[in-house]
Amino acid sequence: MLLPIVFTLLLIGGSVLAAQSSINGKLGANAGVVESAWLTFAVGAVITFLLMFFFESPKEATLLTVPKWQLIGALFGVVYMLAIVFAVPRVGTAAATVAVISGQLVMSLLIDHFGWLGNARMPLDLSRYLSMALLMGALALIYISHRQRAVRLAVQQ
């Protein structure tokens with residue numbers, strides 16, 4: 001029963017992420033890439049603090065006591081935000097999102113396959129290879145469409 005709820009939440013999260021990418025891309029093009037990323041993290045920090053303060057139950061570990069390598073996830077969030085805010089105005093929301101998802105899929109399959117970062121091993125099988133191939137195909141088709149559009153626009157000018 002929990003699995004459909006989890007996947008529904010993930011689909012909603014992905015939808016919101018695509019909308020956020022588009023909005024932040026436009027904001028980044030108008031106000032600046034770093035400024036847009038800063039606003040996202042500032043608002044996110046306030047909301048996360050309030051959620052943590054009112055709803056998070058106490059844990060044994062704190063940010064000061066966890067293994068330091070686990071804190072690098074925050075840096076990765078900055079890399080993602082800067083990349084997406086920079087890319088969306090240049091390649092569009094769909095191309096940027098599919099490229100991000102492709103990178104996420106490949107890395108997540110490698111993490112699962114090798115059991116990196118303390119995760120359980122889930123070896124690659126035919127369906128996982130096929131999922132990578134299909135997503136790479138989607139990325140290639142979106143890239144081709146983007147290039148064809150750029151050529152059409154150049155010819156019209």
# chains A, B, ... in the order shown; residues from 1 in each chain; ligands from 1
call {"tool": "select_by_dssp", "arguments": {"residues": "stretch 21-139 of chain A", "states": "helix (DSSP H, G or I)", "output": "short mmCIF file (atom, residue, chain, number, x, y, z; two decimals) with N, CA, C and O atoms, in the first residue's frame"}}
result
data_model
loop_
_atom_site.label_atom_id
_atom_site.label_comp_id
_atom_site.auth_asym_id
_atom_site.auth_seq_id
_atom_site.Cartn_x
_atom_site.Cartn_y
_atom_site.Cartn_z
N SER A 21 12.67 24.31 -12.37
CA SER A 21 13.76 24.53 -13.32
C SER A 21 13.40 25.60 -14.33
O SER A 21 14.20 26.48 -14.65
N SER A 22 12.18 25.52 -14.84
CA SER A 22 11.73 26.50 -15.83
C SER A 22 11.65 27.90 -15.22
O SER A 22 12.12 28.89 -15.81
N ILE A 23 11.06 27.99 -14.04
CA ILE A 23 10.92 29.29 -13.37
C ILE A 23 12.29 29.85 -13.02
O ILE A 23 12.58 31.03 -13.28
N ASN A 24 13.15 29.03 -12.43
CA ASN A 24 14.48 29.51 -12.04
C ASN A 24 15.34 29.83 -13.26
O ASN A 24 16.17 30.74 -13.20
N GLY A 25 15.15 29.11 -14.35
CA GLY A 25 15.87 29.43 -15.57
C GLY A 25 15.51 30.81 -16.08
O GLY A 25 16.38 31.60 -16.48
N LYS A 26 14.23 31.12 -16.06
CA LYS A 26 13.77 32.45 -16.49
C LYS A 26 14.28 33.53 -15.53
O LYS A 26 14.76 34.58 -15.96
N LEU A 27 14.17 33.25 -14.24
CA LEU A 27 14.68 34.19 -13.23
C LEU A 27 16.19 34.39 -13.40
O LEU A 27 16.68 35.51 -13.35
N GLY A 28 16.91 33.29 -13.64
CA GLY A 28 18.36 33.37 -13.82
C GLY A 28 18.74 34.18 -15.04
O GLY A 28 19.71 34.94 -15.02
N ALA A 29 17.96 34.04 -16.12
CA ALA A 29 18.24 34.81 -17.34
C ALA A 29 17.99 36.30 -17.10
O ALA A 29 18.68 37.14 -17.67
N ASN A 30 17.00 36.63 -16.26
CA ASN A 30 16.66 38.03 -16.00
C ASN A 30 17.47 38.65 -14.89
O ASN A 30 17.90 39.80 -15.00
N ALA A 31 17.67 37.93 -13.79
CA ALA A 31 18.31 38.52 -12.61
C ALA A 31 19.72 38.00 -12.37
O ALA A 31 20.45 38.60 -11.58
N VAL A 33 22.27 34.07 -12.73
CA VAL A 33 22.30 32.66 -12.36
C VAL A 33 22.53 32.50 -10.86
O VAL A 33 21.80 31.80 -10.17
N VAL A 34 23.55 33.14 -10.33
CA VAL A 34 23.89 32.99 -8.91
C VAL A 34 22.80 33.57 -8.03
O VAL A 34 22.44 32.99 -6.99
N GLU A 35 22.21 34.70 -8.44
CA GLU A 35 21.15 35.30 -7.66
C GLU A 35 19.94 34.38 -7.58
O GLU A 35 19.31 34.25 -6.53
N SER A 36 19.59 33.75 -8.70
CA SER A 36 18.46 32.83 -8.71
C SER A 36 18.74 31.63 -7.81
O SER A 36 17.86 31.20 -7.04
N ALA A 37 19.94 31.09 -7.89
CA ALA A 37 20.30 29.95 -7.03
C ALA A 37 20.27 30.38 -5.56
O ALA A 37 19.76 29.65 -4.70
N TRP A 38 20.78 31.58 -5.27
CA TRP A 38 20.78 32.07 -3.89
C TRP A 38 19.36 32.17 -3.35
O TRP A 38 19.08 31.75 -2.23
N LEU A 39 18.45 32.74 -4.14
CA LEU A 39 17.07 32.89 -3.70
C LEU A 39 16.46 31.53 -3.40
O LEU A 39 15.78 31.35 -2.38
N THR A 40 16.70 30.56 -4.28
CA THR A 40 16.16 29.21 -4.07
C THR A 40 16.66 28.63 -2.75
O THR A 40 15.88 28.09 -1.97
N PHE A 41 17.95 28.76 -2.49
CA PHE A 41 18.50 28.18 -1.27
C PHE A 41 18.10 28.97 -0.03
O PHE A 41 17.88 28.39 1.03
N ALA A 42 17.97 30.29 -0.15
CA ALA A 42 17.56 31.09 1.01
C ALA A 42 16.13 30.75 1.42
O ALA A 42 15.85 30.50 2.61
N VAL A 43 15.22 30.72 0.45
CA VAL A 43 13.83 30.38 0.75
C VAL A 43 13.75 28.93 1.24
O VAL A 43 13.06 28.62 2.23
N GLY A 44 14.49 28.05 0.57
CA GLY A 44 14.51 26.65 0.99
C GLY A 44 15.05 26.47 2.40
O GLY A 44 14.54 25.64 3.17
N ALA A 45 16.06 27.25 2.77
CA ALA A 45 16.63 27.16 4.12
C ALA A 45 15.61 27.57 5.17
O ALA A 45 15.47 26.92 6.22
N VAL A 46 14.89 28.65 4.91
CA VAL A 46 13.88 29.12 5.87
C VAL A 46 12.78 28.07 6.04
O VAL A 46 12.40 27.72 7.17
N ILE A 47 12.26 27.57 4.92
CA ILE A 47 11.18 26.58 4.99
C ILE A 47 11.67 25.30 5.65
O ILE A 47 10.98 24.73 6.51
N THR A 48 12.86 24.85 5.29
CA THR A 48 13.41 23.63 5.89
C THR A 48 13.64 23.81 7.39
O THR A 48 13.36 22.91 8.19
N PHE A 49 14.13 24.99 7.80
CA PHE A 49 14.32 25.25 9.23
C PHE A 49 12.99 25.15 9.97
O PHE A 49 12.90 24.53 11.04
N LEU A 50 11.96 25.76 9.41
CA LEU A 50 10.65 25.71 10.07
C LEU A 50 10.12 24.28 10.15
O LEU A 50 9.58 23.87 11.19
N LEU A 51 10.26 23.52 9.07
CA LEU A 51 9.83 22.12 9.10
C LEU A 51 10.62 21.33 10.14
O LEU A 51 10.05 20.52 10.89
N MET A 52 11.92 21.55 10.18
CA MET A 52 12.78 20.85 11.14
C MET A 52 12.40 21.23 12.57
O MET A 52 12.26 20.38 13.44
N PHE A 53 12.20 22.51 12.79
CA PHE A 53 11.90 23.02 14.13
C PHE A 53 10.57 22.48 14.65
O PHE A 53 10.46 22.10 15.82
N PHE A 54 9.56 22.43 13.79
CA PHE A 54 8.23 22.04 14.26
C PHE A 54 7.88 20.56 14.08
O PHE A 54 7.03 20.04 14.79
N PHE A 55 8.53 19.87 13.13
CA PHE A 55 8.08 18.52 12.82
C PHE A 55 9.13 17.42 12.96
O PHE A 55 8.77 16.26 13.06
N LYS A 68 31.79 13.18 7.73
CA LYS A 68 31.90 14.43 6.96
C LYS A 68 31.60 14.24 5.48
O LYS A 68 31.10 15.15 4.82
N TRP A 69 31.86 13.07 4.91
CA TRP A 69 31.60 12.86 3.48
C TRP A 69 30.10 12.98 3.18
O TRP A 69 29.72 13.31 2.06
N GLN A 70 29.25 12.76 4.17
CA GLN A 70 27.81 12.84 3.94
C GLN A 70 27.35 14.29 3.75
O GLN A 70 26.27 14.53 3.21
N LEU A 71 28.14 15.24 4.15
CA LEU A 71 27.77 16.65 4.00
C LEU A 71 27.97 17.16 2.57
O LEU A 71 27.50 18.24 2.23
N ILE A 72 28.67 16.39 1.72
CA ILE A 72 28.94 16.83 0.35
C ILE A 72 27.66 16.92 -0.48
O ILE A 72 27.61 17.61 -1.50
N GLY A 73 26.59 16.26 -0.02
CA GLY A 73 25.31 16.36 -0.72
C GLY A 73 24.84 17.79 -0.87
O GLY A 73 24.22 18.16 -1.86
N ALA A 74 25.14 18.63 0.11
CA ALA A 74 24.77 20.05 0.03
C ALA A 74 25.50 20.73 -1.13
O ALA A 74 24.92 21.53 -1.86
N LEU A 75 26.77 20.39 -1.31
CA LEU A 75 27.53 20.94 -2.44
C LEU A 75 26.93 20.49 -3.76
O LEU A 75 26.80 21.28 -4.69
N PHE A 76 26.52 19.24 -3.83
CA PHE A 76 25.93 18.73 -5.06
C PHE A 76 24.64 19.47 -5.40
O PHE A 76 24.32 19.67 -6.57
N GLY A 77 23.87 19.87 -4.38
CA GLY A 77 22.66 20.65 -4.63
C GLY A 77 22.98 21.99 -5.27
O GLY A 77 22.26 22.44 -6.16
N VAL A 78 24.07 22.60 -4.86
CA VAL A 78 24.48 23.88 -5.45
C VAL A 78 24.91 23.68 -6.90
O VAL A 78 24.53 24.45 -7.78
N VAL A 79 25.66 22.61 -7.16
CA VAL A 79 26.09 22.32 -8.53
C VAL A 79 24.87 22.11 -9.42
O VAL A 79 24.79 22.68 -10.52
N TYR A 80 23.91 21.34 -8.94
CA TYR A 80 22.69 21.09 -9.72
C TYR A 80 21.95 22.41 -9.99
O TYR A 80 21.57 22.69 -11.13
N MET A 81 21.75 23.20 -8.97
CA MET A 81 20.97 24.43 -9.13
C MET A 81 21.65 25.38 -10.11
O MET A 81 21.00 25.94 -10.99
N LEU A 82 22.94 25.58 -9.98
CA LEU A 82 23.65 26.47 -10.90
C LEU A 82 23.59 25.94 -12.34
O LEU A 82 23.38 26.71 -13.28
N ALA A 83 23.75 24.63 -12.50
CA ALA A 83 23.71 24.04 -13.84
C ALA A 83 22.34 24.21 -14.48
O ALA A 83 22.22 24.60 -15.64
N ILE A 84 21.28 23.96 -13.72
CA ILE A 84 19.94 24.03 -14.29
C ILE A 84 19.54 25.46 -14.60
O ILE A 84 18.94 25.74 -15.64
N VAL A 85 19.89 26.40 -13.73
CA VAL A 85 19.54 27.81 -13.96
C VAL A 85 20.29 28.33 -15.18
O VAL A 85 19.76 29.11 -15.97
N PHE A 86 21.52 27.88 -15.36
CA PHE A 86 22.31 28.28 -16.53
C PHE A 86 21.78 27.64 -17.81
O PHE A 86 21.69 28.28 -18.86
N ALA A 87 21.41 26.36 -17.74
CA ALA A 87 21.07 25.60 -18.95
C ALA A 87 19.67 25.86 -19.49
O ALA A 87 19.49 25.93 -20.72
N VAL A 88 18.67 25.99 -18.63
CA VAL A 88 17.28 26.08 -19.09
C VAL A 88 17.06 27.19 -20.11
O VAL A 88 16.44 26.95 -21.15
N PRO A 89 17.55 28.41 -19.90
CA PRO A 89 17.31 29.44 -20.92
C PRO A 89 18.01 29.14 -22.25
O PRO A 89 17.61 29.67 -23.28
N ARG A 90 19.01 28.30 -22.23
CA ARG A 90 19.78 28.02 -23.44
C ARG A 90 19.29 26.80 -24.21
O ARG A 90 19.36 26.77 -25.43
N VAL A 91 18.79 25.77 -23.51
CA VAL A 91 18.38 24.55 -24.19
C VAL A 91 16.93 24.19 -23.95
O VAL A 91 16.40 23.27 -24.56
N THR A 93 13.51 23.69 -20.99
CA THR A 93 13.23 22.90 -19.80
C THR A 93 13.29 21.40 -20.08
O THR A 93 13.86 20.64 -19.30
N ALA A 94 12.73 20.96 -21.21
CA ALA A 94 12.69 19.53 -21.51
C ALA A 94 14.10 18.97 -21.68
O ALA A 94 14.43 17.93 -21.09
N ALA A 95 14.92 19.63 -22.48
CA ALA A 95 16.28 19.12 -22.70
C ALA A 95 17.08 19.11 -21.41
O ALA A 95 17.78 18.14 -21.10
N ALA A 96 16.96 20.18 -20.63
CA ALA A 96 17.70 20.24 -19.36
C ALA A 96 17.22 19.15 -18.40
O ALA A 96 18.02 18.48 -17.75
N THR A 97 15.92 18.97 -18.33
CA THR A 97 15.37 17.97 -17.41
C THR A 97 15.76 16.56 -17.83
O THR A 97 16.16 15.75 -16.99
N VAL A 98 15.65 16.25 -19.11
CA VAL A 98 16.01 14.90 -19.56
C VAL A 98 17.52 14.66 -19.37
O VAL A 98 17.93 13.57 -18.98
N ALA A 99 18.33 15.68 -19.59
CA ALA A 99 19.77 15.53 -19.36
C ALA A 99 20.05 15.28 -17.88
O ALA A 99 20.85 14.40 -17.54
N VAL A 100 19.39 16.02 -17.01
CA VAL A 100 19.57 15.81 -15.57
C VAL A 100 19.10 14.41 -15.17
O VAL A 100 19.79 13.69 -14.44
N ILE A 101 17.94 14.01 -15.65
CA ILE A 101 17.41 12.68 -15.32
C ILE A 101 18.34 11.60 -15.86
O ILE A 101 18.57 10.58 -15.19
N SER A 102 18.90 11.80 -17.04
CA SER A 102 19.84 10.82 -17.60
C SER A 102 21.06 10.68 -16.70
O SER A 102 21.49 9.56 -16.40
N GLY A 103 21.60 11.82 -16.28
CA GLY A 103 22.74 11.77 -15.37
C GLY A 103 22.37 11.11 -14.05
O GLY A 103 23.14 10.30 -13.51
N GLN A 104 21.19 11.41 -13.53
CA GLN A 104 20.73 10.79 -12.29
C GLN A 104 20.58 9.29 -12.45
O GLN A 104 20.98 8.52 -11.58
N LEU A 105 20.00 8.87 -13.57
CA LEU A 105 19.77 7.44 -13.78
C LEU A 105 21.09 6.69 -13.89
O LEU A 105 21.28 5.66 -13.23
N VAL A 106 22.00 7.19 -14.69
CA VAL A 106 23.27 6.49 -14.86
C VAL A 106 24.01 6.41 -13.52
O VAL A 106 24.49 5.33 -13.12
N MET A 107 24.10 7.53 -12.81
CA MET A 107 24.81 7.50 -11.53
C MET A 107 24.10 6.62 -10.51
O MET A 107 24.74 5.87 -9.78
N SER A 108 22.76 6.67 -10.47
CA SER A 108 22.04 5.84 -9.50
C SER A 108 22.20 4.36 -9.81
O SER A 108 22.32 3.54 -8.89
N LEU A 109 22.23 4.00 -11.09
CA LEU A 109 22.45 2.60 -11.44
C LEU A 109 23.86 2.15 -11.06
O LEU A 109 24.05 1.02 -10.60
N LEU A 110 24.84 3.02 -11.23
CA LEU A 110 26.20 2.68 -10.81
C LEU A 110 26.29 2.56 -9.29
O LEU A 110 26.93 1.64 -8.77
N ILE A 111 25.65 3.48 -8.57
CA ILE A 111 25.64 3.41 -7.11
C ILE A 111 25.00 2.10 -6.65
O ILE A 111 25.53 1.39 -5.79
N ASP A 112 23.85 1.77 -7.25
CA ASP A 112 23.18 0.51 -6.90
C ASP A 112 24.04 -0.70 -7.26
O ASP A 112 24.18 -1.62 -6.46
N HIS A 113 24.60 -0.70 -8.46
CA HIS A 113 25.36 -1.86 -8.93
C HIS A 113 26.57 -2.15 -8.05
O HIS A 113 26.84 -3.30 -7.70
N PHE A 114 27.30 -1.11 -7.69
CA PHE A 114 28.53 -1.30 -6.91
C PHE A 114 28.30 -1.15 -5.39
O PHE A 114 29.22 -1.41 -4.62
N TRP A 116 27.87 1.64 -3.80
CA TRP A 116 28.63 2.80 -3.33
C TRP A 116 27.85 3.57 -2.27
O TRP A 116 26.63 3.49 -2.20
N LEU A 117 28.57 4.35 -1.50
CA LEU A 117 28.00 5.28 -0.52
C LEU A 117 27.14 4.58 0.53
O LEU A 117 26.19 5.13 1.06
N GLY A 118 27.49 3.32 0.82
CA GLY A 118 26.80 2.58 1.86
C GLY A 118 25.44 2.02 1.46
O GLY A 118 24.67 1.61 2.32
N LEU A 126 19.16 -6.73 -17.45
CA LEU A 126 18.70 -6.30 -18.78
C LEU A 126 17.74 -5.12 -18.69
O LEU A 126 17.85 -4.17 -19.48
N SER A 127 16.80 -5.14 -17.76
CA SER A 127 15.82 -4.04 -17.69
C SER A 127 16.50 -2.73 -17.30
O SER A 127 16.10 -1.67 -17.76
N ARG A 128 17.53 -2.78 -16.48
CA ARG A 128 18.24 -1.55 -16.10
C ARG A 128 19.07 -1.03 -17.28
O ARG A 128 19.13 0.18 -17.49
N TYR A 129 19.70 -1.93 -18.01
CA TYR A 129 20.42 -1.49 -19.21
C TYR A 129 19.45 -0.89 -20.22
O TYR A 129 19.74 0.14 -20.85
N LEU A 130 18.29 -1.51 -20.38
CA LEU A 130 17.29 -1.01 -21.32
C LEU A 130 16.78 0.37 -20.89
O LEU A 130 16.59 1.25 -21.73
N SER A 131 16.58 0.57 -19.60
CA SER A 131 16.12 1.88 -19.13
C SER A 131 17.15 2.96 -19.45
O SER A 131 16.79 4.07 -19.86
N MET A 132 18.44 2.64 -19.31
CA MET A 132 19.48 3.61 -19.67
C MET A 132 19.44 3.92 -21.16
O MET A 132 19.53 5.07 -21.56
N ALA A 133 19.31 2.88 -21.97
CA ALA A 133 19.30 3.07 -23.42
C ALA A 133 18.10 3.92 -23.86
O ALA A 133 18.24 4.82 -24.69
N LEU A 134 16.93 3.66 -23.29
CA LEU A 134 15.74 4.42 -23.65
C LEU A 134 15.86 5.88 -23.24
O LEU A 134 15.49 6.78 -24.01
N LEU A 135 16.38 6.12 -22.07
CA LEU A 135 16.53 7.50 -21.64
C LEU A 135 17.59 8.23 -22.46
O LEU A 135 17.42 9.40 -22.82
N MET A 136 18.66 7.56 -22.80
CA MET A 136 19.68 8.18 -23.66
C MET A 136 19.08 8.45 -25.05
O MET A 136 19.39 9.47 -25.67
N GLY A 137 18.21 7.55 -25.52
CA GLY A 137 17.52 7.79 -26.78
C GLY A 137 16.63 9.02 -26.70
O GLY A 137 16.59 9.84 -27.63
N ALA A 138 15.92 9.18 -25.59
CA ALA A 138 15.08 10.37 -25.40
C ALA A 138 15.94 11.63 -25.41
O ALA A 138 15.58 12.63 -26.04
N LEU A 139 17.06 11.59 -24.73
CA LEU A 139 17.96 12.74 -24.71
C LEU A 139 18.47 13.05 -26.12
O LEU A 139 18.50 14.21 -26.52
#
